[in-house]
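What follows is one structure encoded as structure tokens, with my remarks underneath.
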Amino acid sequence: MTLLELDDVTASYGPVRVLEGISLSVPEGGAVGILGANGAGKTTTLRAISGMVRTGGSITFDGRSIAGLSPERVAALGIAHVPEGRGTLGGLTVRENLRVGAYLRKDSKSVPGDIDYCLDLFPQLRNRIRSAAAALSGGEQQMLAIARAFMAKPRLLLLDEASLGLAPGTAKTVYEAIGRLRKESGIAMLVVEQNANLAFTLVESATVLETGRNVLTGSTAELKGMDEIRRAYLGG
């Protein structure tokens, strides 16, 4: 079953069109990657889904059109967005950030247990539970951003450059936790990532963008076997 579908989606910042007709789909419980160079339109694709940019074309989630909805209404439908740069609330503690993530939920009795799950998923955060988010390391802030998004109990998680600025070992740890989260929760994921080696540990398929258009789509295995993908994204 298709959970998210984009069909010929365009997006603009003022008079400047950034997406020229993106089409992709994410199945229920599946994980799809978006690859491409800087300026290809990867981040804008996620913003288009989240209602953060003016769009054309069709965006449907669980069979319902969400094009033109506000970010708040998109989030309420079950889409959580972890933006590039993490976007944690620096003046709030780790625990407070996690509670903010759950603010739309009606099952308040389940929130403490989900906080414990996040602290098990990212053990580094347990020792920093009373620390302000601004005092965390870059890796810890990324972990907190992902955990806070999970606290919303979304059906779809949009991840934008989760490894950006992280040391290789920390990035690997973050992706291993994301993989565990996906396996245990069944959350579908749309993953923007410059590091294709990391992305391919998580996603089953990916699309490559150039100047706001899809130029290549395939399974992880298919893309790994293409010389142009190895040269551009896998260091081969």
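Residues in the structure tokens are numbered from 1 in each chain, the chains being A, B, ... in the order shown, and ligands are numbered from 1 in the order shown.
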
So that I can see what lies close to range 167-181 of chain A, please list as a CSV table (one decimal) with N, CA and C atoms, in the first residue's frame the residues with an atom at most 8 Å from it, counting only C-alpha atoms and leaving out residues fewer than 6 positions away in the same chain.
```
chain,number,residue,atom,x,y,z
A,121,LEU,N,16.9,3.9,23.1
A,121,LEU,CA,17.4,4.0,21.7
A,121,LEU,C,18.7,4.8,21.6
A,122,PHE,N,18.7,5.9,22.3
A,122,PHE,CA,19.9,6.8,22.3
A,122,PHE,C,20.4,7.0,23.7
A,139,GLY,N,26.1,15.5,17.7
A,139,GLY,CA,25.6,14.2,17.6
A,139,GLY,C,24.4,14.0,18.5
A,142,GLN,N,21.3,15.7,17.2
A,142,GLN,CA,20.7,15.0,16.1
A,142,GLN,C,19.9,13.8,16.7
A,143,MET,N,20.4,13.2,17.7
A,143,MET,CA,19.7,12.1,18.3
A,143,MET,C,18.4,12.6,19.0
A,187,ILE,N,7.5,2.6,11.3
A,187,ILE,CA,7.4,4.0,10.7
A,187,ILE,C,8.0,4.0,9.3
A,198,LEU,N,25.6,5.5,4.0
A,198,LEU,CA,24.7,5.4,5.1
A,198,LEU,C,23.3,5.2,4.7
A,201,THR,N,22.1,1.7,4.0
A,201,THR,CA,21.9,0.8,5.1
A,201,THR,C,20.5,0.8,5.6
A,202,LEU,N,19.7,1.8,5.2
A,202,LEU,CA,18.4,2.0,5.7
A,202,LEU,C,17.3,1.9,4.7
```

Those of range 113-193 of chain A in DSSP alpha helix (DSSP H), formatted as a PDB file with N, CA and C atoms, in the first residue's frame:
```
ATOM      1  N   GLY A 113       6.447   6.177  28.860  1.00  0.00           N
ATOM      2  CA  GLY A 113       7.044   4.954  28.334  1.00  0.00           C
ATOM      3  C   GLY A 113       7.778   5.192  27.028  1.00  0.00           C
ATOM      4  N   ASP A 114       7.241   6.076  26.195  1.00  0.00           N
ATOM      5  CA  ASP A 114       7.915   6.386  24.927  1.00  0.00           C
ATOM      6  C   ASP A 114       9.179   7.196  25.152  1.00  0.00           C
ATOM      7  N   ILE A 115       9.179   8.037  26.179  1.00  0.00           N
ATOM      8  CA  ILE A 115      10.417   8.749  26.529  1.00  0.00           C
ATOM      9  C   ILE A 115      11.484   7.743  26.944  1.00  0.00           C
ATOM     10  N   ASP A 116      11.096   6.761  27.753  1.00  0.00           N
ATOM     11  CA  ASP A 116      12.052   5.725  28.157  1.00  0.00           C
ATOM     12  C   ASP A 116      12.576   4.963  26.940  1.00  0.00           C
ATOM     13  N   TYR A 117      11.694   4.700  25.968  1.00  0.00           N
ATOM     14  CA  TYR A 117      12.135   4.014  24.753  1.00  0.00           C
ATOM     15  C   TYR A 117      13.186   4.841  24.014  1.00  0.00           C
ATOM     16  N   CYS A 118      12.958   6.142  23.911  1.00  0.00           N
ATOM     17  CA  CYS A 118      13.919   7.026  23.231  1.00  0.00           C
ATOM     18  C   CYS A 118      15.261   7.034  23.941  1.00  0.00           C
ATOM     19  N   LEU A 119      15.229   7.004  25.268  1.00  0.00           N
ATOM     20  CA  LEU A 119      16.477   7.006  26.030  1.00  0.00           C
ATOM     21  C   LEU A 119      17.198   5.673  25.913  1.00  0.00           C
ATOM     22  N   ASP A 120      16.448   4.605  25.679  1.00  0.00           N
ATOM     23  CA  ASP A 120      17.062   3.299  25.404  1.00  0.00           C
ATOM     24  C   ASP A 120      17.644   3.280  23.995  1.00  0.00           C
ATOM     25  N   LEU A 121      16.940   3.932  23.058  1.00  0.00           N
ATOM     26  CA  LEU A 121      17.401   3.982  21.674  1.00  0.00           C
ATOM     27  C   LEU A 121      18.676   4.821  21.559  1.00  0.00           C
ATOM     28  N   PRO A 123      21.206   6.008  24.216  1.00  0.00           N
ATOM     29  CA  PRO A 123      21.641   6.019  25.621  1.00  0.00           C
ATOM     30  C   PRO A 123      22.388   7.288  26.016  1.00  0.00           C
ATOM     31  N   GLN A 124      23.039   7.952  25.037  1.00  0.00           N
ATOM     32  CA  GLN A 124      23.760   9.173  25.368  1.00  0.00           C
ATOM     33  C   GLN A 124      22.838  10.243  25.945  1.00  0.00           C
ATOM     34  N   LEU A 125      21.570  10.202  25.534  1.00  0.00           N
ATOM     35  CA  LEU A 125      20.631  11.227  26.003  1.00  0.00           C
ATOM     36  C   LEU A 125      20.193  11.002  27.446  1.00  0.00           C
ATOM     37  N   ARG A 126      20.292   9.774  27.916  1.00  0.00           N
ATOM     38  CA  ARG A 126      19.825   9.488  29.282  1.00  0.00           C
ATOM     39  C   ARG A 126      20.616  10.290  30.314  1.00  0.00           C
ATOM     40  N   GLY A 138      26.833  18.015  18.744  1.00  0.00           N
ATOM     41  CA  GLY A 138      26.092  17.918  17.490  1.00  0.00           C
ATOM     42  C   GLY A 138      25.417  16.568  17.322  1.00  0.00           C
ATOM     43  N   GLY A 139      26.126  15.502  17.667  1.00  0.00           N
ATOM     44  CA  GLY A 139      25.551  14.176  17.563  1.00  0.00           C
ATOM     45  C   GLY A 139      24.377  13.980  18.509  1.00  0.00           C
ATOM     46  N   GLU A 140      24.523  14.480  19.736  1.00  0.00           N
ATOM     47  CA  GLU A 140      23.432  14.373  20.708  1.00  0.00           C
ATOM     48  C   GLU A 140      22.220  15.185  20.274  1.00  0.00           C
ATOM     49  N   GLN A 141      22.450  16.352  19.687  1.00  0.00           N
ATOM     50  CA  GLN A 141      21.334  17.153  19.185  1.00  0.00           C
ATOM     51  C   GLN A 141      20.595  16.429  18.057  1.00  0.00           C
ATOM     52  N   GLN A 142      21.348  15.738  17.189  1.00  0.00           N
ATOM     53  CA  GLN A 142      20.699  14.991  16.115  1.00  0.00           C
ATOM     54  C   GLN A 142      19.875  13.843  16.695  1.00  0.00           C
ATOM     55  N   MET A 143      20.425  13.152  17.676  1.00  0.00           N
ATOM     56  CA  MET A 143      19.669  12.087  18.331  1.00  0.00           C
ATOM     57  C   MET A 143      18.390  12.634  18.958  1.00  0.00           C
ATOM     58  N   LEU A 144      18.490  13.782  19.604  1.00  0.00           N
ATOM     59  CA  LEU A 144      17.318  14.383  20.251  1.00  0.00           C
ATOM     60  C   LEU A 144      16.274  14.779  19.215  1.00  0.00           C
ATOM     61  N   ALA A 145      16.717  15.320  18.095  1.00  0.00           N
ATOM     62  CA  ALA A 145      15.769  15.722  17.046  1.00  0.00           C
ATOM     63  C   ALA A 145      14.991  14.522  16.519  1.00  0.00           C
ATOM     64  N   ILE A 146      15.682  13.405  16.325  1.00  0.00           N
ATOM     65  CA  ILE A 146      15.009  12.187  15.838  1.00  0.00           C
ATOM     66  C   ILE A 146      14.061  11.643  16.905  1.00  0.00           C
ATOM     67  N   ALA A 147      14.541  11.622  18.149  1.00  0.00           N
ATOM     68  CA  ALA A 147      13.702  11.118  19.240  1.00  0.00           C
ATOM     69  C   ALA A 147      12.462  11.988  19.422  1.00  0.00           C
ATOM     70  N   ARG A 148      12.629  13.294  19.323  1.00  0.00           N
ATOM     71  CA  ARG A 148      11.479  14.192  19.484  1.00  0.00           C
ATOM     72  C   ARG A 148      10.461  13.952  18.365  1.00  0.00           C
ATOM     73  N   ALA A 149      10.935  13.713  17.141  1.00  0.00           N
ATOM     74  CA  ALA A 149      10.019  13.415  16.043  1.00  0.00           C
ATOM     75  C   ALA A 149       9.275  12.108  16.307  1.00  0.00           C
ATOM     76  N   PHE A 150       9.970  11.095  16.829  1.00  0.00           N
ATOM     77  CA  PHE A 150       9.316   9.829  17.153  1.00  0.00           C
ATOM     78  C   PHE A 150       8.233  10.013  18.203  1.00  0.00           C
ATOM     79  N   PRO A 168      32.273  10.337  11.472  1.00  0.00           N
ATOM     80  CA  PRO A 168      31.792   9.086  10.868  1.00  0.00           C
ATOM     81  C   PRO A 168      31.252   8.083  11.871  1.00  0.00           C
ATOM     82  N   GLY A 169      31.935   7.916  12.999  1.00  0.00           N
ATOM     83  CA  GLY A 169      31.473   6.952  13.996  1.00  0.00           C
ATOM     84  C   GLY A 169      30.129   7.347  14.593  1.00  0.00           C
ATOM     85  N   THR A 170      29.963   8.650  14.845  1.00  0.00           N
ATOM     86  CA  THR A 170      28.694   9.134  15.398  1.00  0.00           C
ATOM     87  C   THR A 170      27.573   8.978  14.375  1.00  0.00           C
ATOM     88  N   ALA A 171      27.866   9.291  13.119  1.00  0.00           N
ATOM     89  CA  ALA A 171      26.858   9.148  12.069  1.00  0.00           C
ATOM     90  C   ALA A 171      26.414   7.693  11.950  1.00  0.00           C
ATOM     91  N   LYS A 172      27.361   6.768  12.042  1.00  0.00           N
ATOM     92  CA  LYS A 172      27.027   5.338  11.972  1.00  0.00           C
ATOM     93  C   LYS A 172      26.127   4.932  13.144  1.00  0.00           C
ATOM     94  N   THR A 173      26.443   5.440  14.336  1.00  0.00           N
ATOM     95  CA  THR A 173      25.630   5.149  15.515  1.00  0.00           C
ATOM     96  C   THR A 173      24.213   5.673  15.346  1.00  0.00           C
ATOM     97  N   VAL A 174      24.088   6.888  14.818  1.00  0.00           N
ATOM     98  CA  VAL A 174      22.771   7.493  14.605  1.00  0.00           C
ATOM     99  C   VAL A 174      21.963   6.657  13.615  1.00  0.00           C
ATOM    100  N   TYR A 175      22.595   6.230  12.530  1.00  0.00           N
ATOM    101  CA  TYR A 175      21.869   5.455  11.522  1.00  0.00           C
ATOM    102  C   TYR A 175      21.504   4.057  12.025  1.00  0.00           C
ATOM    103  N   GLU A 176      22.342   3.484  12.853  1.00  0.00           N
ATOM    104  CA  GLU A 176      21.988   2.186  13.438  1.00  0.00           C
ATOM    105  C   GLU A 176      20.746   2.330  14.321  1.00  0.00           C
ATOM    106  N   ALA A 177      20.664   3.431  15.067  1.00  0.00           N
ATOM    107  CA  ALA A 177      19.493   3.665  15.913  1.00  0.00           C
ATOM    108  C   ALA A 177      18.251   3.929  15.073  1.00  0.00           C
ATOM    109  N   ILE A 178      18.408   4.661  13.967  1.00  0.00           N
ATOM    110  CA  ILE A 178      17.275   4.908  13.077  1.00  0.00           C
ATOM    111  C   ILE A 178      16.776   3.588  12.494  1.00  0.00           C
ATOM    112  N   GLY A 179      17.714   2.716  12.114  1.00  0.00           N
ATOM    113  CA  GLY A 179      17.336   1.411  11.590  1.00  0.00           C
ATOM    114  C   GLY A 179      16.581   0.587  12.613  1.00  0.00           C
ATOM    115  N   ARG A 180      17.023   0.631  13.853  1.00  0.00           N
ATOM    116  CA  ARG A 180      16.317  -0.084  14.920  1.00  0.00           C
ATOM    117  C   ARG A 180      14.921   0.515  15.124  1.00  0.00           C
ATOM    118  N   LEU A 181      14.841   1.832  15.120  1.00  0.00           N
ATOM    119  CA  LEU A 181      13.553   2.506  15.285  1.00  0.00           C
ATOM    120  C   LEU A 181      12.575   2.086  14.203  1.00  0.00           C
ATOM    121  N   ARG A 182      13.058   2.040  12.976  1.00  0.00           N
ATOM    122  CA  ARG A 182      12.187   1.652  11.874  1.00  0.00           C
ATOM    123  C   ARG A 182      11.714   0.202  12.021  1.00  0.00           C
ATOM    124  N   LYS A 183      12.641  -0.676  12.361  1.00  0.00           N
ATOM    125  CA  LYS A 183      12.298  -2.092  12.499  1.00  0.00           C
ATOM    126  C   LYS A 183      11.283  -2.322  13.601  1.00  0.00           C
ATOM    127  N   GLU A 184      11.449  -1.617  14.719  1.00  0.00           N
ATOM    128  CA  GLU A 184      10.606  -1.868  15.887  1.00  0.00           C
ATOM    129  C   GLU A 184       9.292  -1.113  15.851  1.00  0.00           C
ATOM    130  N   SER A 185       9.235  -0.002  15.121  1.00  0.00           N
ATOM    131  CA  SER A 185       8.024   0.830  15.124  1.00  0.00           C
ATOM    132  C   SER A 185       7.196   0.701  13.856  1.00  0.00           C
TER     133      SER A 185
END
```

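Minimum distance to Val9 in chain A across A:Thr207, A:Asn214, A:Ser131, A:Ser110 (counting only C-alpha atoms) occurs at A:Asn214.
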
Residues within 12 Å of Gly14 in chain A, please, as a PDB file with N, CA and C atoms, in the first residue's frame. Count only C-alpha atoms; anything in the same chain fewer than 5 positions from it doesn't count.
```
ATOM      1  N   VAL A  53       6.458  25.254   1.791  1.00  0.00           N
ATOM      2  CA  VAL A  53       6.799  25.973   0.573  1.00  0.00           C
ATOM      3  C   VAL A  53       5.623  25.866  -0.389  1.00  0.00           C
ATOM      4  N   ARG A  54       5.458  26.869  -1.237  1.00  0.00           N
ATOM      5  CA  ARG A  54       4.350  26.872  -2.193  1.00  0.00           C
ATOM      6  C   ARG A  54       4.587  25.813  -3.256  1.00  0.00           C
ATOM      7  N   THR A  55       3.560  24.993  -3.510  1.00  0.00           N
ATOM      8  CA  THR A  55       3.733  23.852  -4.417  1.00  0.00           C
ATOM      9  C   THR A  55       2.652  23.808  -5.487  1.00  0.00           C
TER      10      THR A  55
END
```

Open item on the list: Just want the 8 Å neighbourhood of Leu157 in chain A, counted on only C-alpha atoms, with same-chain residues fewer than 5 positions away dropped. Output as number ranges by chain.
Closed with: A: 79-82, 149-150, 187-190

- [ ] May I ask for the distance between CA of Ser205 in chain A and CA of Thr43 in chain A, given in Å to one decimal place?
- [x] 17.8 Å

Open item on the list: So the first atom is CA of Val16 in chain A and the second is CA of Leu35 in chain A; what is the distance between them in Å, to one decimal place?
Closed with: 21.6 Å

Task: Which residue of A:Val94, A:Leu89, A:Val111, A:Leu19 approaches Ala40 in chain A most closely, using only C-alpha atoms - done: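 Comparing A:Val94, A:Leu89, A:Val111, A:Leu19 against Ala40 in chain A, the winner is A:Leu19.
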
Report as CSV: every residue of range 151-182 of chain A with an atom at most 12 Å from range 62-74 of chain A, its closest pair of atoms, and their distance in Å to one decimal, counting only C-alpha atoms, with rows sorted by chain and ascending residue number.
```
residue,atom,partner,partner_atom,distance
A:Pro154,CA,A:Val74,CA,10.6
A:Arg155,CA,A:Asp62,CA,9.6
A:Leu156,CA,A:Asp62,CA,10.2
A:Leu157,CA,A:Val74,CA,11.8
A:Leu158,CA,A:Val74,CA,11.9
```

Task: Option closest in space to Ile34 in chain A, from A:Glu96, A:Glu204, A:Glu222, A:Asp7 [counting only C-alpha atoms] - done: A:Glu204
